[in-house]
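Participant: For reference, this is upload.csv, and it has CSV, C-alpha atoms.
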```csv
chain,number,residue,atom,x,y,z
E,30,MET,CA,0.0,0.0,0.0
E,31,ARG,CA,2.8,2.4,0.9
E,32,ARG,CA,4.6,1.7,-2.3
E,33,PHE,CA,1.4,2.4,-4.3
E,34,ALA,CA,0.9,5.7,-2.4
E,35,LEU,CA,4.4,6.8,-3.3
E,36,PHE,CA,3.8,5.8,-6.9
E,37,ALA,CA,0.6,7.8,-7.0
E,38,LEU,CA,2.3,10.9,-5.5
E,39,ALA,CA,5.0,10.6,-8.1
E,40,LEU,CA,2.5,10.3,-10.9
E,41,ALA,CA,0.5,13.3,-9.6
E,42,GLY,CA,3.7,15.3,-9.7
E,43,LEU,CA,4.3,14.4,-13.3
E,44,LEU,CA,0.8,15.1,-14.5
E,45,PRO,CA,1.1,19.0,-14.5
E,46,ALA,CA,4.3,18.9,-16.4
E,47,ALA,CA,2.9,16.5,-18.9
E,48,ALA,CA,-0.2,18.6,-19.3
E,49,GLU,CA,1.9,21.7,-19.8
E,50,ALA,CA,4.0,20.0,-22.4
E,51,GLN,CA,0.9,18.8,-24.3
E,52,GLN,CA,-0.6,22.4,-24.2
E,53,ARG,CA,2.5,24.1,-25.5
E,54,THR,CA,2.3,25.4,-29.1
E,55,ARG,CA,5.4,24.6,-31.2
E,56,LEU,CA,6.2,27.6,-33.4
E,57,THR,CA,8.5,27.0,-36.4
E,58,VAL,CA,10.6,30.2,-36.5
E,59,TYR,CA,12.8,30.9,-39.5
E,60,THR,CA,15.8,33.1,-38.7
E,61,ALA,CA,19.2,34.4,-39.8
E,62,LEU,CA,20.4,35.3,-36.3
E,63,GLU,CA,23.9,34.4,-35.3
E,64,ASN,CA,24.2,30.9,-33.8
E,65,GLU,CA,25.2,32.2,-30.4
E,66,GLN,CA,22.0,34.3,-30.2
E,67,LEU,CA,19.6,31.4,-30.7
E,68,GLN,CA,19.6,30.0,-27.2
E,69,PRO,CA,19.3,33.4,-25.4
E,70,PHE,CA,16.5,34.5,-27.6
E,71,LYS,CA,14.7,31.1,-27.2
E,72,GLN,CA,15.1,31.1,-23.4
E,73,ALA,CA,13.7,34.7,-23.1
E,74,ALA,CA,10.7,34.0,-25.3
E,75,GLU,CA,9.8,30.7,-23.7
E,76,ALA,CA,10.1,32.3,-20.2
E,77,ALA,CA,7.7,35.0,-21.2
E,78,LEU,CA,5.4,32.7,-23.2
E,79,ARG,CA,5.1,29.6,-21.0
E,80,ASP,CA,2.9,27.7,-23.5
E,81,VAL,CA,5.0,28.4,-26.6
E,82,GLU,CA,8.0,26.4,-27.8
E,83,ILE,CA,10.4,27.9,-30.3
E,84,ALA,CA,11.7,25.5,-33.0
E,85,TRP,CA,14.4,27.4,-35.0
E,86,VAL,CA,15.2,26.9,-38.6
E,87,ARG,CA,18.4,28.9,-39.1
E,88,ASP,CA,20.6,29.7,-42.1
E,89,SER,CA,22.2,32.8,-43.8
E,90,THR,CA,19.9,35.6,-45.0
E,91,GLY,CA,20.0,34.7,-48.6
E,92,VAL,CA,19.3,31.0,-48.0
E,93,ILE,CA,16.4,31.7,-45.6
E,94,THR,CA,14.9,34.3,-47.9
E,95,ALA,CA,15.0,31.9,-50.9
E,96,ARG,CA,13.5,29.1,-48.8
E,97,LEU,CA,10.6,31.2,-47.6
E,98,ILE,CA,9.8,32.4,-51.1
E,99,ALA,CA,10.0,28.9,-52.5
E,100,GLU,CA,7.6,27.7,-49.8
E,101,ARG,CA,5.1,30.5,-50.2
E,102,ALA,CA,2.4,28.3,-51.7
E,103,ASN,CA,2.7,26.0,-48.7
E,104,PRO,CA,4.3,27.9,-45.8
E,105,ARG,CA,6.2,25.9,-43.2
E,106,ALA,CA,7.3,28.8,-41.1
E,107,ASP,CA,4.9,30.4,-38.5
E,108,VAL,CA,7.1,33.4,-37.8
E,109,VAL,CA,10.3,35.0,-39.0
E,110,TRP,CA,12.3,36.4,-36.1
E,111,GLY,CA,15.6,38.0,-37.0
E,112,LEU,CA,15.8,38.5,-40.7
E,113,SER,CA,16.7,41.5,-43.0
E,114,VAL,CA,14.0,44.0,-43.6
E,115,PHE,CA,15.0,44.0,-47.2
E,116,SER,CA,13.9,40.3,-47.3
E,117,LEU,CA,10.7,41.0,-45.5
E,118,LEU,CA,9.8,43.9,-47.7
E,119,GLN,CA,10.3,41.6,-50.7
E,120,MET,CA,7.9,39.1,-49.1
E,121,GLU,CA,5.5,41.9,-48.3
E,122,GLY,CA,5.4,42.6,-52.0
E,123,LEU,CA,4.5,39.0,-52.6
E,124,ASP,CA,1.7,39.2,-50.0
E,125,MET,CA,3.4,36.6,-47.8
E,126,LEU,CA,3.2,38.5,-44.5
E,127,GLU,CA,0.2,38.4,-42.1
E,128,PRO,CA,-0.9,42.0,-41.2
E,129,TYR,CA,-0.7,42.5,-37.4
E,130,THR,CA,0.3,45.4,-35.2
E,131,PRO,CA,2.0,43.9,-32.1
E,132,VAL,CA,1.1,45.3,-28.7
E,133,GLY,CA,3.6,48.1,-28.1
E,134,ALA,CA,4.8,48.4,-31.6
E,135,ASP,CA,3.7,52.0,-31.9
E,136,ALA,CA,6.5,52.9,-29.5
E,137,LEU,CA,9.2,51.7,-31.9
E,138,ARG,CA,11.3,54.2,-33.8
E,139,PRO,CA,9.3,55.2,-36.9
E,140,SER,CA,12.2,54.2,-39.2
E,141,MET,CA,12.3,50.7,-37.6
E,142,ARG,CA,8.7,49.6,-38.1
E,143,SER,CA,6.3,49.0,-40.9
E,144,ASP,CA,4.5,52.0,-42.3
E,145,ARG,CA,1.4,49.9,-43.1
E,146,SER,CA,-1.7,49.7,-40.9
E,147,PRO,CA,-1.9,47.0,-39.6
E,148,MET,CA,1.9,46.6,-39.7
E,149,THR,CA,3.5,43.8,-41.7
E,150,TRP,CA,6.9,43.7,-39.8
E,151,THR,CA,8.5,45.2,-36.8
E,152,GLY,CA,12.2,46.1,-36.2
E,153,MET,CA,14.4,44.7,-33.6
E,154,ASP,CA,17.8,46.3,-34.0
E,155,ALA,CA,20.1,47.7,-36.7
E,156,PHE,CA,23.3,46.2,-37.9
E,157,VAL,CA,25.9,48.0,-39.9
E,158,SER,CA,28.7,47.2,-42.4
E,159,ALA,CA,32.2,47.7,-41.0
E,160,ILE,CA,35.9,47.1,-41.9
E,161,CYS,CA,37.7,44.6,-39.7
E,162,PHE,CA,41.4,45.7,-40.1
E,163,ASN,CA,44.0,43.3,-38.7
E,164,THR,CA,46.7,45.6,-37.3
E,165,VAL,CA,49.3,42.8,-37.0
E,166,VAL,CA,48.9,41.7,-40.6
E,167,ALA,CA,48.9,45.3,-41.7
E,168,GLN,CA,52.3,45.9,-40.1
E,169,GLN,CA,53.7,42.6,-41.6
E,170,ARG,CA,52.4,43.4,-45.1
E,171,ASN,CA,52.8,47.2,-45.1
E,172,LEU,CA,49.1,47.8,-45.5
E,173,PRO,CA,47.9,51.4,-45.0
E,174,ARG,CA,45.0,52.0,-42.6
E,175,PRO,CA,41.8,52.7,-44.6
E,176,SER,CA,39.5,55.5,-43.5
E,177,THR,CA,37.1,55.5,-46.5
E,178,TRP,CA,35.8,52.8,-48.8
E,179,ASP,CA,37.8,54.3,-51.7
E,180,ASP,CA,40.9,53.7,-49.7
E,181,LEU,CA,40.4,49.9,-50.3
E,182,LEU,CA,41.0,50.5,-54.0
E,183,ASN,CA,44.7,51.0,-53.2
E,184,PRO,CA,46.7,48.3,-55.1
E,185,ALA,CA,48.4,47.5,-51.8
E,186,PHE,CA,45.3,45.6,-50.8
E,187,ARG,CA,45.4,43.3,-53.8
E,188,GLY,CA,44.4,39.9,-52.5
E,189,GLN,CA,44.1,41.2,-48.9
E,190,ILE,CA,40.3,41.8,-48.8
E,191,VAL,CA,37.4,39.3,-48.2
E,192,MET,CA,33.8,40.3,-48.1
E,193,PRO,CA,30.4,38.6,-48.1
E,194,ASN,CA,28.5,37.5,-51.2
E,195,PRO,CA,25.3,39.6,-51.3
E,196,ASN,CA,23.3,36.7,-52.8
E,197,SER,CA,23.8,34.5,-49.7
E,198,SER,CA,24.6,37.1,-47.0
E,199,GLY,CA,22.5,39.9,-45.6
E,200,THR,CA,25.6,41.7,-44.6
E,201,GLY,CA,26.9,41.6,-48.2
E,202,PHE,CA,23.6,42.9,-49.5
E,203,LEU,CA,23.3,45.8,-47.0
E,204,THR,CA,26.9,46.7,-47.8
E,205,MET,CA,26.1,46.9,-51.5
E,206,ALA,CA,22.9,48.8,-50.7
E,207,GLY,CA,24.9,51.3,-48.7
E,208,TRP,CA,27.2,51.9,-51.7
E,209,ILE,CA,24.2,52.4,-53.9
E,210,GLY,CA,22.6,54.8,-51.5
E,211,ARG,CA,25.8,56.8,-51.2
E,212,ARG,CA,27.0,56.7,-54.9
E,213,GLY,CA,23.9,55.9,-57.0
E,214,GLU,CA,23.6,52.6,-58.8
E,215,ALA,CA,26.1,53.5,-61.7
E,216,GLY,CA,28.7,54.8,-59.2
E,217,ALA,CA,28.3,51.7,-57.0
E,218,TRP,CA,28.9,49.3,-59.9
E,219,ASP,CA,32.0,51.3,-60.9
E,220,PHE,CA,33.3,51.1,-57.3
E,221,MET,CA,32.5,47.4,-56.9
E,222,THR,CA,34.2,46.6,-60.2
E,223,ARG,CA,37.4,48.3,-59.1
E,224,LEU,CA,37.2,46.8,-55.6
E,225,HIS,CA,36.8,43.4,-57.2
E,226,ASP,CA,40.4,43.6,-58.3
E,227,ASN,CA,41.5,43.6,-54.7
E,228,ILE,CA,39.0,41.0,-53.4
E,229,GLN,CA,40.5,37.5,-52.7
E,230,GLN,CA,37.2,35.8,-52.0
E,231,TYR,CA,33.4,36.4,-51.5
E,232,THR,CA,32.2,34.3,-48.5
E,233,HIS,CA,28.6,33.0,-48.0
E,234,SER,CA,28.5,34.3,-44.4
E,235,GLY,CA,28.5,37.9,-43.2
E,236,SER,CA,30.6,37.0,-40.1
E,237,ALA,CA,33.2,35.0,-42.0
E,238,PRO,CA,35.2,38.0,-43.4
E,239,CYS,CA,35.8,39.4,-39.9
E,240,ASN,CA,36.6,35.9,-38.6
E,241,ASN,CA,39.1,35.5,-41.4
E,242,ALA,CA,40.7,38.9,-40.6
E,243,ALA,CA,40.8,38.2,-36.9
E,244,ARG,CA,42.7,34.9,-37.5
E,245,GLY,CA,45.2,36.8,-39.7
E,246,GLU,CA,44.2,35.1,-42.9
E,247,PHE,CA,43.5,38.5,-44.6
E,248,GLY,CA,44.3,42.1,-43.7
E,249,VAL,CA,40.8,43.3,-44.3
E,250,GLY,CA,37.4,41.7,-43.7
E,251,ILE,CA,34.3,43.6,-44.8
E,252,SER,CA,31.7,42.4,-42.3
E,253,LEU,CA,29.1,43.5,-39.8
E,254,ASP,CA,29.4,45.5,-36.6
E,255,MET,CA,28.2,42.9,-34.2
E,256,ARG,CA,30.8,40.3,-35.2
E,257,ALA,CA,33.6,43.0,-35.3
E,258,VAL,CA,32.8,44.2,-31.8
E,259,THR,CA,32.5,40.6,-30.4
E,260,LEU,CA,35.9,39.6,-31.8
E,261,ARG,CA,37.6,42.8,-30.7
E,262,ASN,CA,36.2,42.3,-27.2
E,263,GLN,CA,37.6,38.8,-27.2
E,264,GLY,CA,41.1,40.2,-27.9
E,265,ALA,CA,41.4,39.8,-31.6
E,266,PRO,CA,44.0,42.2,-33.1
E,267,ILE,CA,41.5,44.1,-35.2
E,268,GLU,CA,40.6,47.7,-35.5
E,269,ILE,CA,36.9,48.4,-36.2
E,270,ILE,CA,36.8,51.0,-39.0
E,271,VAL,CA,33.6,52.9,-39.8
E,272,PRO,CA,34.4,54.5,-43.2
E,273,THR,CA,33.9,58.3,-43.1
E,274,ASP,CA,32.1,58.2,-46.4
E,275,GLY,CA,29.1,56.4,-44.9
E,276,VAL,CA,28.1,52.8,-44.1
E,277,GLY,CA,25.1,50.7,-45.2
E,278,PHE,CA,22.8,49.3,-42.6
E,279,ASP,CA,20.0,46.9,-42.3
E,280,LEU,CA,17.3,46.2,-39.7
E,281,GLU,CA,16.6,42.8,-38.2
E,282,ALA,CA,12.9,42.4,-38.1
E,283,THR,CA,10.1,40.1,-37.1
E,284,ALA,CA,7.0,39.1,-39.1
E,285,ILE,CA,4.2,36.6,-39.0
E,286,MET,CA,3.9,34.4,-42.1
E,287,ARG,CA,0.5,34.4,-43.8
E,288,GLY,CA,-1.0,31.0,-43.6
E,289,THR,CA,0.3,30.0,-40.2
E,290,ARG,CA,-1.9,27.5,-38.4
E,291,ASN,CA,-0.7,28.9,-35.1
E,292,LEU,CA,-1.8,32.5,-35.5
E,293,ASP,CA,-2.6,33.2,-31.9
E,294,ALA,CA,0.7,32.0,-30.6
E,295,ALA,CA,2.5,33.7,-33.5
E,296,LYS,CA,0.9,37.0,-32.5
E,297,ARG,CA,2.0,36.6,-28.9
E,298,LEU,CA,5.6,36.0,-30.1
E,299,ALA,CA,5.4,39.1,-32.2
E,300,ASP,CA,4.2,41.0,-29.2
E,301,PHE,CA,7.2,39.7,-27.2
E,302,ALA,CA,9.6,40.6,-30.0
E,303,VAL,CA,8.8,44.3,-29.6
E,304,SER,CA,8.8,44.3,-25.8
E,305,ARG,CA,11.3,45.9,-23.5
E,306,ALA,CA,12.3,42.5,-22.3
E,307,ALA,CA,13.2,41.3,-25.8
E,308,MET,CA,15.0,44.6,-26.5
E,309,THR,CA,17.2,44.0,-23.5
E,310,VAL,CA,18.2,40.6,-25.0
E,311,TYR,CA,18.9,42.2,-28.4
E,312,GLY,CA,21.0,44.8,-26.5
E,313,ARG,CA,23.5,42.1,-25.4
E,314,PHE,CA,24.6,41.9,-29.1
E,315,TYR,CA,23.6,45.1,-30.8
E,316,ALA,CA,23.9,48.8,-29.9
E,317,LEU,CA,21.2,50.2,-32.2
E,318,LEU,CA,17.8,49.1,-30.9
E,319,ALA,CA,14.3,49.7,-32.2
E,320,LEU,CA,12.8,50.7,-28.9
E,321,PRO,CA,14.0,54.1,-27.6
E,322,GLY,CA,15.0,54.2,-24.0
E,323,VAL,CA,16.6,50.7,-23.8
E,324,ASP,CA,20.2,50.8,-23.0
E,325,ALA,CA,22.3,48.2,-24.9
E,326,SER,CA,24.7,46.3,-22.6
E,327,VAL,CA,27.2,45.3,-25.3
E,328,SER,CA,30.4,47.2,-25.0
E,329,GLY,CA,33.0,48.4,-27.5
E,330,TYR,CA,30.8,49.9,-30.2
E,331,PRO,CA,32.4,52.9,-31.9
E,332,ALA,CA,30.1,56.0,-31.7
E,333,GLU,CA,30.7,56.6,-35.4
E,334,PHE,CA,28.3,53.8,-36.3
E,335,SER,CA,25.2,55.8,-35.6
E,336,GLN,CA,26.7,59.0,-37.0
E,337,ARG,CA,27.7,57.6,-40.4
E,338,LEU,CA,24.6,55.7,-41.6
E,339,VAL,CA,23.8,56.1,-45.3
E,340,ASP,CA,20.3,57.3,-46.1
E,341,ALA,CA,18.4,54.2,-47.3
E,342,ASP,CA,15.1,53.7,-49.0
E,343,PHE,CA,14.5,50.1,-47.8
E,344,ARG,CA,11.4,49.5,-49.9
E,345,ALA,CA,12.9,50.8,-53.2
E,346,ILE,CA,16.0,48.7,-52.8
E,347,ALA,CA,14.0,45.6,-51.7
E,348,LEU,CA,11.9,45.9,-54.9
E,349,GLN,CA,15.1,45.8,-56.9
E,350,ARG,CA,16.8,43.1,-54.9
E,351,ASP,CA,16.4,40.2,-57.4
E,352,ARG,CA,17.8,42.3,-60.3
E,353,LEU,CA,20.7,43.7,-58.3
E,354,LEU,CA,21.7,40.2,-57.1
E,355,ARG,CA,21.5,38.8,-60.6
E,356,ASP,CA,23.7,41.6,-61.9
E,357,TRP,CA,26.2,41.2,-59.0
E,358,ALA,CA,26.5,37.4,-59.7
E,359,THR,CA,27.0,38.0,-63.4
E,360,ARG,CA,29.9,40.4,-62.7
E,361,PHE,CA,31.6,39.0,-59.6
E,362,ASP,CA,30.6,35.5,-58.7
E,363,GLY,CA,33.8,34.0,-60.1
E,364,LYS,CA,35.5,34.8,-56.8
E,365,SER,CA,32.8,33.3,-54.5
E,366,ALA,CA,33.8,30.6,-52.1
E,367,PRO,CA,32.5,27.1,-52.9
E,368,ARG,CA,29.2,26.4,-51.4
E,369,ASN,CA,29.2,23.6,-48.8
```
Show me, as structure tokens, the structure contained in the file I just sent.
Facilitator:
Amino acid sequence: MRRFALFALALAGLLPAAAEAQQRTRLTVYTALENEQLQPFKQAAEAALRDVEIAWVRDSTGVITARLIAERANPRADVVWGLSVFSLLQMEGLDMLEPYTPVGADALRPSMRSDRSPMTWTGMDAFVSAICFNTVVAQQRNLPRPSTWDDLLNPAFRGQIVMPNPNSSGTGFLTMAGWIGRRGEAGAWDFMTRLHDNIQQYTHSGSAPCNNAARGEFGVGISLDMRAVTLRNQGAPIEIIVPTDGVGFDLEATAIMRGTRNLDAAKRLADFAVSRAAMTVYGRFYALLALPGVDASVSGYPAEFSQRLVDADFRAIALQRDRLLRDWATRFDGKSAPRN
């Protein structure tokens, strides 16, 4: 009898947990977040939404964007959380996004939220193109310190530069978009053609060029601010250079996919994504946040990032995205790294 009573008590203790597990809604969330961000974001969301489980599908921006568009007739994603606004605006044009204004979204910076009513996407943070300059390699190979993008055209940098492929990397695309915003399309193609002479390789990851530079494989990696700051804080011998002639930037954003079978849970995740609690998590990695008044905790960001952003018409560039990427591939894809 005593053994039966103990078993009954144990079973009773398991029942609430089992019931909670059965009641949790599993959301398939597509993302291009960095790998080290996935667990903190998941933990924060599931702590706030006790009946929701996040199931990540993660890849680079270009791959995730292509996959979402390929699946649009039969969507598999419930939510996109952490993807380039250029990609989401392209999907908006294809009527792939569920209109919904999350609770609290009106408090976001106007430039970092959808201008539609109801909204189709909401911003999280901004990330910026940057130059990772290995000072040790520069000294060994007599490389001059660049302060503008045009400085990278110096023949001294021949074979010393690596940058992301815009077709597979959001960082590569935002960098190209920044050059277009600053120089106009014709001027940007001229610049990229001359820069191509000095490029050793185009990677399929936005983080890879800075990783390469930090390891001393190249003198210069054109990459993104978050990766540059992380590596510098870890002791890598790199200087983070924000070119004085302006840098391109992109917004990480959240959207609900039209056709989700878990609309209620998706809306609550969208609510969380614009909350102060979520912004605090974003601020562990990024300095430019969508919600004013939230202090980022990441250290080591140069102040010049926020001062040197190029004016960008996100929607206009998004509508030209496919053509721009085709043109880029025709001109420059010969130096792209092999795809795994």
Participant: I'd like the contact shell of range 263-269 of chain E - 7 Å cut-off, only C-alpha atoms, skipping same-chain residues fewer than 5 positions apart - returned as JSON, numbers by chain.
Facilitator: {"E": [159, 160, 161, 162, 163, 164, 165, 243, 257]}
Participant: Could you jot down the CA of Gly216 in chain E to CA of Thr232 in chain E separation for me, Å, one decimal place?
Facilitator: 23.4 Å
Participant: Which residues, protein or nucleic acid, reach to within 12 Å of (28.1, 52.9, -23.8) in the file's coordinates when using all atoms listed in the file, and can you give that as a PyMOL selection string?
Facilitator: chain E and resi 312-313+315-317+323-332
Participant: Looking at E:Gly250, E:Gly288, E:Pro69, E:Gly363, which one is nearest to Glu100 in chain E, with distances taken over all atoms listed in the file?
Facilitator: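 Among E:Gly250, E:Gly288, E:Pro69, E:Gly363, it is E:Gly288 that comes nearest to Glu100 in chain E.
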Participant: Quick one: distance from CA of Ala299 in chain E to CA of Phe334 in chain E in Å, one decimal?
Facilitator: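 CA of Ala299 in chain E sits 27.5 Å away from CA of Phe334 in chain E.
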Participant: Can you work out which one of E:Ala136, E:Ala307, E:Ala242, E:Ala99 has the shortest atom-to-atom distance to Leu123 in chain E, counting only C-alpha atoms?
Facilitator: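 Between E:Ala136, E:Ala307, E:Ala242, E:Ala99, the residue approaching Leu123 in chain E most closely is E:Ala99.
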Participant: Could you give me, as a list in words, the residues within 8 Å of Thr60 in chain E, counting all atoms listed in the file and dropping anything in the same chain fewer than 3 positions from it?
Facilitator: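 Counting only the stated atoms, we get Trp85, Val86, Arg87, Asp88, Thr90, Ile93, Val109, Trp110, Gly111 and Leu112 of chain E.
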Participant: Any chance you can output those residues with C-alpha atoms as a short mmCIF file (atom, residue, chain, number, x, y, z; two decimals), in the coordinates of the input?
Facilitator:
```
data_model
loop_
_atom_site.label_atom_id
_atom_site.label_comp_id
_atom_site.auth_asym_id
_atom_site.auth_seq_id
_atom_site.Cartn_x
_atom_site.Cartn_y
_atom_site.Cartn_z
CA TRP E 85 14.40 27.40 -35.00
CA VAL E 86 15.20 26.90 -38.60
CA ARG E 87 18.40 28.90 -39.10
CA ASP E 88 20.60 29.70 -42.10
CA THR E 90 19.90 35.60 -45.00
CA ILE E 93 16.40 31.70 -45.60
CA VAL E 109 10.30 35.00 -39.00
CA TRP E 110 12.30 36.40 -36.10
CA GLY E 111 15.60 38.00 -37.00
CA LEU E 112 15.80 38.50 -40.70
#
```
Participant: Could you pull the residues within 7 Å of range 185-200 of chain E, counting all atoms listed in the file, minus those fewer than 4 positions along the same chain, as a ChimeraX atom specification?
Facilitator: /E:89-92,113,158,172,181,204,226-235,238,247-253,354,365
Participant: Tell me which of E:Asp351, E:Asp180, E:Asp342, E:Asp274 sits closest to Ser116 in chain E, counting only C-alpha atoms.
Facilitator: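 Counting only C-alpha atoms, the residue closest to Ser116 in chain E is E:Asp351.
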Participant: Here is a test: counting all atoms listed in the file, which residue of E:Met255, E:Ala358, E:Val81, E:Ala217 is nearest to Glu63 in chain E?
Facilitator: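 Selected residue with least distance to Glu63 in chain E: E:Met255.
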Participant: Report as a list in words all protein, DNA and RNA residues lying within 12 Å of Ala77 in chain E, evaluated on only C-alpha atoms, omitting residues in the same chain fewer than 3 positions from it.
Facilitator: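 Non-adjacent residues within range: Phe70, Lys71, Gln72, Ala73, Ala74, Asp80, Val81, Glu82, Ile83, Arg297, Leu298, Ala299, Asp300, Phe301, Ala302, Ser304, Arg305, Ala306 and Ala307 of chain E.
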Participant: Go through E:Gly201, E:Thr149, E:Ala76, E:Asp179 and flag the residue nearest Gly122 in chain E, using all atoms listed in the file for the distances.
Facilitator: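 The closest residue to Gly122 in chain E is E:Thr149.
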Participant: In Å to one decimal, how far is CA of Ala341 in chain E from CA of Arg212 in chain E?
Facilitator: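 Taking CA of Arg212 in chain E and CA of Ala341 in chain E, their separation equals 11.7 Å.
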Participant: When distances are computed from only C-alpha atoms, which of E:Val132, E:Leu118, E:Ile285, E:Val276 shows the smallest separation from Gln336 in chain E?
Facilitator: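 The closest residue to Gln336 in chain E is E:Val276.
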Participant: Can you tell me which residues surround Asp219 in chain E at a distance of at most 12 Å, considering all atoms listed in the file, apart from same-chain residues fewer than 3 positions away, and format the answer as a PDB file with C-alpha atoms, in the coordinates of the input?
Facilitator:
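Result file follows (selection07.pdb):
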```pdb
ATOM      1  CA  ASP E 179      37.800  54.300 -51.700  1.00  0.00           C
ATOM      2  CA  LEU E 182      41.000  50.500 -54.000  1.00  0.00           C
ATOM      3  CA  MET E 205      26.100  46.900 -51.500  1.00  0.00           C
ATOM      4  CA  TRP E 208      27.200  51.900 -51.700  1.00  0.00           C
ATOM      5  CA  ILE E 209      24.200  52.400 -53.900  1.00  0.00           C
ATOM      6  CA  ARG E 212      27.000  56.700 -54.900  1.00  0.00           C
ATOM      7  CA  GLY E 213      23.900  55.900 -57.000  1.00  0.00           C
ATOM      8  CA  GLU E 214      23.600  52.600 -58.800  1.00  0.00           C
ATOM      9  CA  ALA E 215      26.100  53.500 -61.700  1.00  0.00           C
ATOM     10  CA  GLY E 216      28.700  54.800 -59.200  1.00  0.00           C
ATOM     11  CA  THR E 222      34.200  46.600 -60.200  1.00  0.00           C
ATOM     12  CA  ARG E 223      37.400  48.300 -59.100  1.00  0.00           C
ATOM     13  CA  LEU E 224      37.200  46.800 -55.600  1.00  0.00           C
ATOM     14  CA  HIS E 225      36.800  43.400 -57.200  1.00  0.00           C
ATOM     15  CA  ASP E 226      40.400  43.600 -58.300  1.00  0.00           C
ATOM     16  CA  TRP E 357      26.200  41.200 -59.000  1.00  0.00           C
ATOM     17  CA  ARG E 360      29.900  40.400 -62.700  1.00  0.00           C
TER      18      ARG E 360
END
```
Participant: If I put a ball of radius 12 Å at (-1.1, 42.0, -42.3) in the file's coordinates, which residues poke into it when counting only C-alpha atoms, written as a ChimeraX atom specification?
Facilitator: /E:120-122,124-131,143-151,284-288,292,296
Participant: What would the file look like if the residues just selected were written as an mmCIF file, keeping the file's coordinate frame with C-alpha atoms?
Facilitator:
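part_21.cif, freshly written:
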```cif
data_model
loop_
_atom_site.group_PDB
_atom_site.id
_atom_site.type_symbol
_atom_site.label_atom_id
_atom_site.label_comp_id
_atom_site.auth_asym_id
_atom_site.auth_seq_id
_atom_site.Cartn_x
_atom_site.Cartn_y
_atom_site.Cartn_z
ATOM 1 C CA MET E 120 7.900 39.100 -49.100
ATOM 2 C CA GLU E 121 5.500 41.900 -48.300
ATOM 3 C CA GLY E 122 5.400 42.600 -52.000
ATOM 4 C CA ASP E 124 1.700 39.200 -50.000
ATOM 5 C CA MET E 125 3.400 36.600 -47.800
ATOM 6 C CA LEU E 126 3.200 38.500 -44.500
ATOM 7 C CA GLU E 127 0.200 38.400 -42.100
ATOM 8 C CA PRO E 128 -0.900 42.000 -41.200
ATOM 9 C CA TYR E 129 -0.700 42.500 -37.400
ATOM 10 C CA THR E 130 0.300 45.400 -35.200
ATOM 11 C CA PRO E 131 2.000 43.900 -32.100
ATOM 12 C CA SER E 143 6.300 49.000 -40.900
ATOM 13 C CA ASP E 144 4.500 52.000 -42.300
ATOM 14 C CA ARG E 145 1.400 49.900 -43.100
ATOM 15 C CA SER E 146 -1.700 49.700 -40.900
ATOM 16 C CA PRO E 147 -1.900 47.000 -39.600
ATOM 17 C CA MET E 148 1.900 46.600 -39.700
ATOM 18 C CA THR E 149 3.500 43.800 -41.700
ATOM 19 C CA TRP E 150 6.900 43.700 -39.800
ATOM 20 C CA THR E 151 8.500 45.200 -36.800
ATOM 21 C CA ALA E 284 7.000 39.100 -39.100
ATOM 22 C CA ILE E 285 4.200 36.600 -39.000
ATOM 23 C CA MET E 286 3.900 34.400 -42.100
ATOM 24 C CA ARG E 287 0.500 34.400 -43.800
ATOM 25 C CA GLY E 288 -1.000 31.000 -43.600
ATOM 26 C CA LEU E 292 -1.800 32.500 -35.500
ATOM 27 C CA LYS E 296 0.900 37.000 -32.500
#
```
